[in-house]
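Take a look at the structure set out below.
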2 protein chains.
Amino acid sequence: MVRQARSEATRRKIIESAVDLINEIGYPAAGLGDIIERAELTKGALYYHFESKEALATAIIEEGSESLVGAFRGAVRSGSPGMEDVIHGSFVMTDVLGTDTVARAGARLLRTFGSFNPAAKRTLQLFVDELTGRLKAATVDGDLRDGLDPESTAGHVVAAMLGAELLSSALADGADLRARFARNWELLLPAIITDESLGYYREFLARQAARQQPPSA
Amino acid sequence: MVRQARSEATRRKIIESAVDLINEIGYPAAGLGDIIERAELTKGALYYHFESKEALATAIIEEGSESLVGAFRGAVRSGSPGMEDVIHGSFVMTDVLGTDTVARAGARLLRTFGSFNPAAKRTLQLFVDELTGRLKAATVDGDLRDGLDPESTAGHVVAAMLGAELLSSALADGADLRARFARNWELLLPAIITDESLGYYREFLARQAARQQPPSA
């Protein structure tokens with residue numbers, strides 16, 4: 001029991017050291033040697049838990065993806081309109097990226113690996129599926145414009161979010177991610193929301209965007 | 001002179017081998033050893049041209065970026081409306097990604113490195129600046145909706161393109177990139193184009209999207 005707890009603590013230490021290095025210098029530059037040094041562990045301890053650098057990356061993608069998708073699902077309120085869930089959920093995900101370093105490193109790894117890592121691929125598909133589900137509800141609610149396909153609309157929204165994460169991270173060290181998401185939605189709302197619902201969702205967006213951002217961890 | 005030509009041929013061989021491996025298995029998995037083996041060269045030859053794996057990545061980002069930005073600039077016709085240039089330019093860039101393997105690997109490296117490589121950062125900023133320039137022209141032309149800021153609109157368009165590249169590459173091996181770009185534009189046009197110009201640009205988009213895609217290299 002004690003041994004198991006110690007082993008779990010070691011695994012945690014490795015993940016956290018890798019996460020910090022990925023966020024500080026990027027995945028390509030973060031060598032296994034640097035990760036071991038940061039974690040103050042031996043090569044043996046690392047290889048006991050992860051057979052390769054990519055196995056470690058996969059664990060970070062999986063844990064980060066769980067936080068992000070979990071946050072999105074947590075933002076869905078039973079009985080609330082699909083479109084509210086989508087907008088609110090996207091801001092909740094931004095907040096997770098701002099405060100949860102594993103999720104932030106996971107997002108970087110998603111775009112580093114793309115198709116070349118099954119966990120990254122699965123996560124990207126999951127983002128599209130989750131959003132498609134809520135946009136289907138928005139269609140039923142009568143909030144989505146006629147003729148819009150929920151799945152390809154979800155593809156656009158996810159693409160815009162992924163691209164915003166990359167641009168924000170590259171050009172503003174991630175500091176303007178929430179503002180980028182808000183501007184994305186401002187631009188998109190009239191394209192996807194029916195005229196009748198547009199006024200309401202503009203107000204909803206303004207309130208979401210103005211919410212106090214939680215302090216970063 | 002002969003020596004210089006031979007040296008340039010070696011450099012080319014290294015870049016092409018790296019590009020192929022990046023496109024086949026991804027940058028993290030493409031080791032310098034694999035690149036040397038593929039190029040049938042020695043470690044010394046590689047290090048003569050590139051001091052590190054990242055230096056090689058930088059060369060690919062720079063060459064790929066030159067092709068992509070060059071294609072966009074080439075799509076700008078003197079006297080043609082800014083919005084035509086933006087839509088046409090985005091499809092021309094898709095075609096370059098489909099046919100030019102260096103540009104494709106360069107795009108992957110852009111999202112792998114983001115802020116951690118100066119060339120990647122510069123390229124992302126350049127994409128935003130180029131689009132901003134043409135969207136400013138679109139404002140003067142009266143095609144852009146009142147109150148839209150050209151720079152933040154460019155930020156959204158570039159984000160949507162970068163995200164589409166990642167999703168297409170991860171979920172469809174890049175095969176549906178052109179279709180994703182077309183759907184992005186279909187969704188965005190009513191959000192950014194004035195009511196008077198919307199009909200024309202819908203027709204323009206349909207014609208651009210229907211153009212025969214050049215055969216991939």
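Following the order of the structure tokens, chains are lettered A, B, ..., residues in each are numbered from 1, and ligands are numbered from 1.
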List every residue of chain B that has an atom at most 7 Å from any atom of chain A, and for each one report the closest atom pair and its distance in Å to one decimal, counting only C-alpha atoms, with rows sorted by chain and then by increasing residue number, as a tab-separated table.
residue	atom	partner	partner_atom	distance
B:Ile25	CA	A:Phe116	CA	6.3
B:Gly26	CA	A:Phe116	CA	6.2
B:Pro28	CA	A:Pro28	CA	6.4
B:Arg111	CA	A:Arg111	CA	5.7
B:Thr112	CA	A:Thr112	CA	4.1
B:Phe113	CA	A:Gly26	CA	6.7
B:Gly114	CA	A:Ala170	CA	4.8
B:Ser115	CA	A:Ala170	CA	3.8
B:Phe116	CA	A:Gly26	CA	6.2
B:Lys121	CA	A:Ala170	CA	5.8
B:His156	CA	A:Asn184	CA	6.0
B:Ala159	CA	A:Gly163	CA	3.8
B:Ala160	CA	A:Ala160	CA	4.1
B:Leu162	CA	A:Gly163	CA	5.1
B:Gly163	CA	A:Ala159	CA	3.8
B:Ala164	CA	A:Ala159	CA	5.1
B:Leu166	CA	A:Gly114	CA	6.4
B:Leu167	CA	A:Ala159	CA	6.8
B:Ser169	CA	A:Ser115	CA	6.3
B:Ala170	CA	A:Ser115	CA	3.8
B:Leu171	CA	A:Ser115	CA	6.7
B:Asn184	CA	A:His156	CA	6.0
B:Leu187	CA	A:Ala191	CA	6.1
B:Leu188	CA	A:Ala191	CA	6.4
B:Pro190	CA	A:Ala191	CA	5.7
B:Ala191	CA	A:Ala191	CA	5.0
From segment 59-213 of chain B, collect each residue whose DSSP state is helix (DSSP H, G or I) and return the set as a ChimeraX atom specification.
-> /B:59-75,82-99,101-116,118-141,150-172,177-192,195-210
Using only C-alpha atoms, determine which residues lie at most 8 Å from Gly64 of chain A, disregarding the query and same-chain residues fewer than 2 positions distant; provide the list as number ranges by chain.
-> A: 60-62, 66-68, 102-107
Residues near Leu56 of chain B, anyone? I mean within 10 Å using only C-alpha atoms, not counting same-chain ones fewer than 4 positions away, as a tab-separated table (two decimals) with N, CA, C and O atoms, in the first residue's frame.
chain	number	residue	atom	x	y	z
B	11	ARG	N	22.61	19.25	-48.93
B	11	ARG	CA	21.68	19.99	-48.07
B	11	ARG	C	20.23	19.67	-48.46
B	11	ARG	O	19.37	19.41	-47.62
B	14	ILE	N	19.16	16.22	-47.37
B	14	ILE	CA	18.85	16.17	-45.94
B	14	ILE	C	17.46	16.74	-45.69
B	14	ILE	O	16.63	16.14	-45.00
B	15	ILE	N	17.20	17.90	-46.29
B	15	ILE	CA	15.89	18.53	-46.10
B	15	ILE	C	14.77	17.62	-46.60
B	15	ILE	O	13.76	17.40	-45.91
B	18	ALA	N	14.22	14.66	-44.29
B	18	ALA	CA	13.55	15.11	-43.06
B	18	ALA	C	12.08	15.39	-43.33
B	18	ALA	O	11.19	14.98	-42.55
B	19	VAL	N	11.80	16.07	-44.43
B	19	VAL	CA	10.42	16.40	-44.80
B	19	VAL	C	9.58	15.12	-44.95
B	19	VAL	O	8.47	15.02	-44.42
B	32	LEU	N	17.39	12.14	-35.83
B	32	LEU	CA	18.45	12.51	-36.78
B	32	LEU	C	19.04	11.27	-37.44
B	32	LEU	O	19.39	11.29	-38.62
B	46	LEU	N	25.46	15.75	-42.18
B	46	LEU	CA	24.28	16.44	-41.62
B	46	LEU	C	24.71	17.61	-40.75
B	46	LEU	O	24.22	18.74	-40.92
B	47	TYR	N	25.67	17.35	-39.83
B	47	TYR	CA	26.09	18.42	-38.92
B	47	TYR	C	26.85	19.53	-39.63
B	47	TYR	O	26.94	20.64	-39.11
B	49	HIS	N	25.79	20.86	-42.30
B	49	HIS	CA	24.75	21.77	-42.78
B	49	HIS	C	23.82	22.28	-41.67
B	49	HIS	O	23.33	23.40	-41.73
B	50	PHE	N	23.55	21.42	-40.68
B	50	PHE	CA	22.61	21.80	-39.62
B	50	PHE	C	23.18	21.42	-38.27
B	50	PHE	O	23.50	20.26	-38.04
B	51	GLU	N	23.26	22.39	-37.38
B	51	GLU	CA	23.92	22.11	-36.10
B	51	GLU	C	23.05	21.29	-35.15
B	51	GLU	O	23.56	20.76	-34.17
B	52	SER	N	21.76	21.19	-35.45
B	52	SER	CA	20.86	20.44	-34.56
B	52	SER	C	19.59	20.06	-35.33
B	52	SER	O	19.34	20.56	-36.43
B	60	ILE	N	13.21	24.08	-42.61
B	60	ILE	CA	11.98	23.59	-43.26
B	60	ILE	C	10.83	24.58	-43.03
B	60	ILE	O	10.05	24.87	-43.95
B	61	ILE	N	10.74	25.12	-41.82
B	61	ILE	CA	9.70	26.13	-41.55
B	61	ILE	C	9.91	27.32	-42.49
B	61	ILE	O	8.95	27.81	-43.10
B	62	GLU	N	11.17	27.77	-42.63
B	62	GLU	CA	11.43	28.95	-43.46
B	62	GLU	C	11.11	28.70	-44.93
B	62	GLU	O	10.48	29.51	-45.58
Atom CA of Ser80 of chain B sits from atom CA of Leu97 of chain B at a separation of 24.2 Å
Within 12 Å of Arg6 of chain B, counting only C-alpha atoms, which residues qualify if same-chain residues fewer than 6 places away don't, as an MDAnalysis selection string?
-> chainID B and resid 12:13 45
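Between atom CA of Arg211 of chain A and atom CA of Ser78 of chain A the separation is 21.5 Å.
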Closest of A:Thr42, A:Thr101, A:Tyr48, A:Ala182 to Ser7 of chain A - atom-to-atom distances counting only C-alpha atoms | A:Tyr48
Shell around Ala138 of chain B at 10 Å using only C-alpha atoms, local window under 4 positions removed, as a PyMOL selection string | chain B and resi 80-86+132-134+142-145+150+193
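Among the candidates A:Ala55, A:Ala30, A:Thr123, A:Leu131, the residue lying nearest to Phe72 of chain A is A:Leu131 (atoms considered: only C-alpha atoms).
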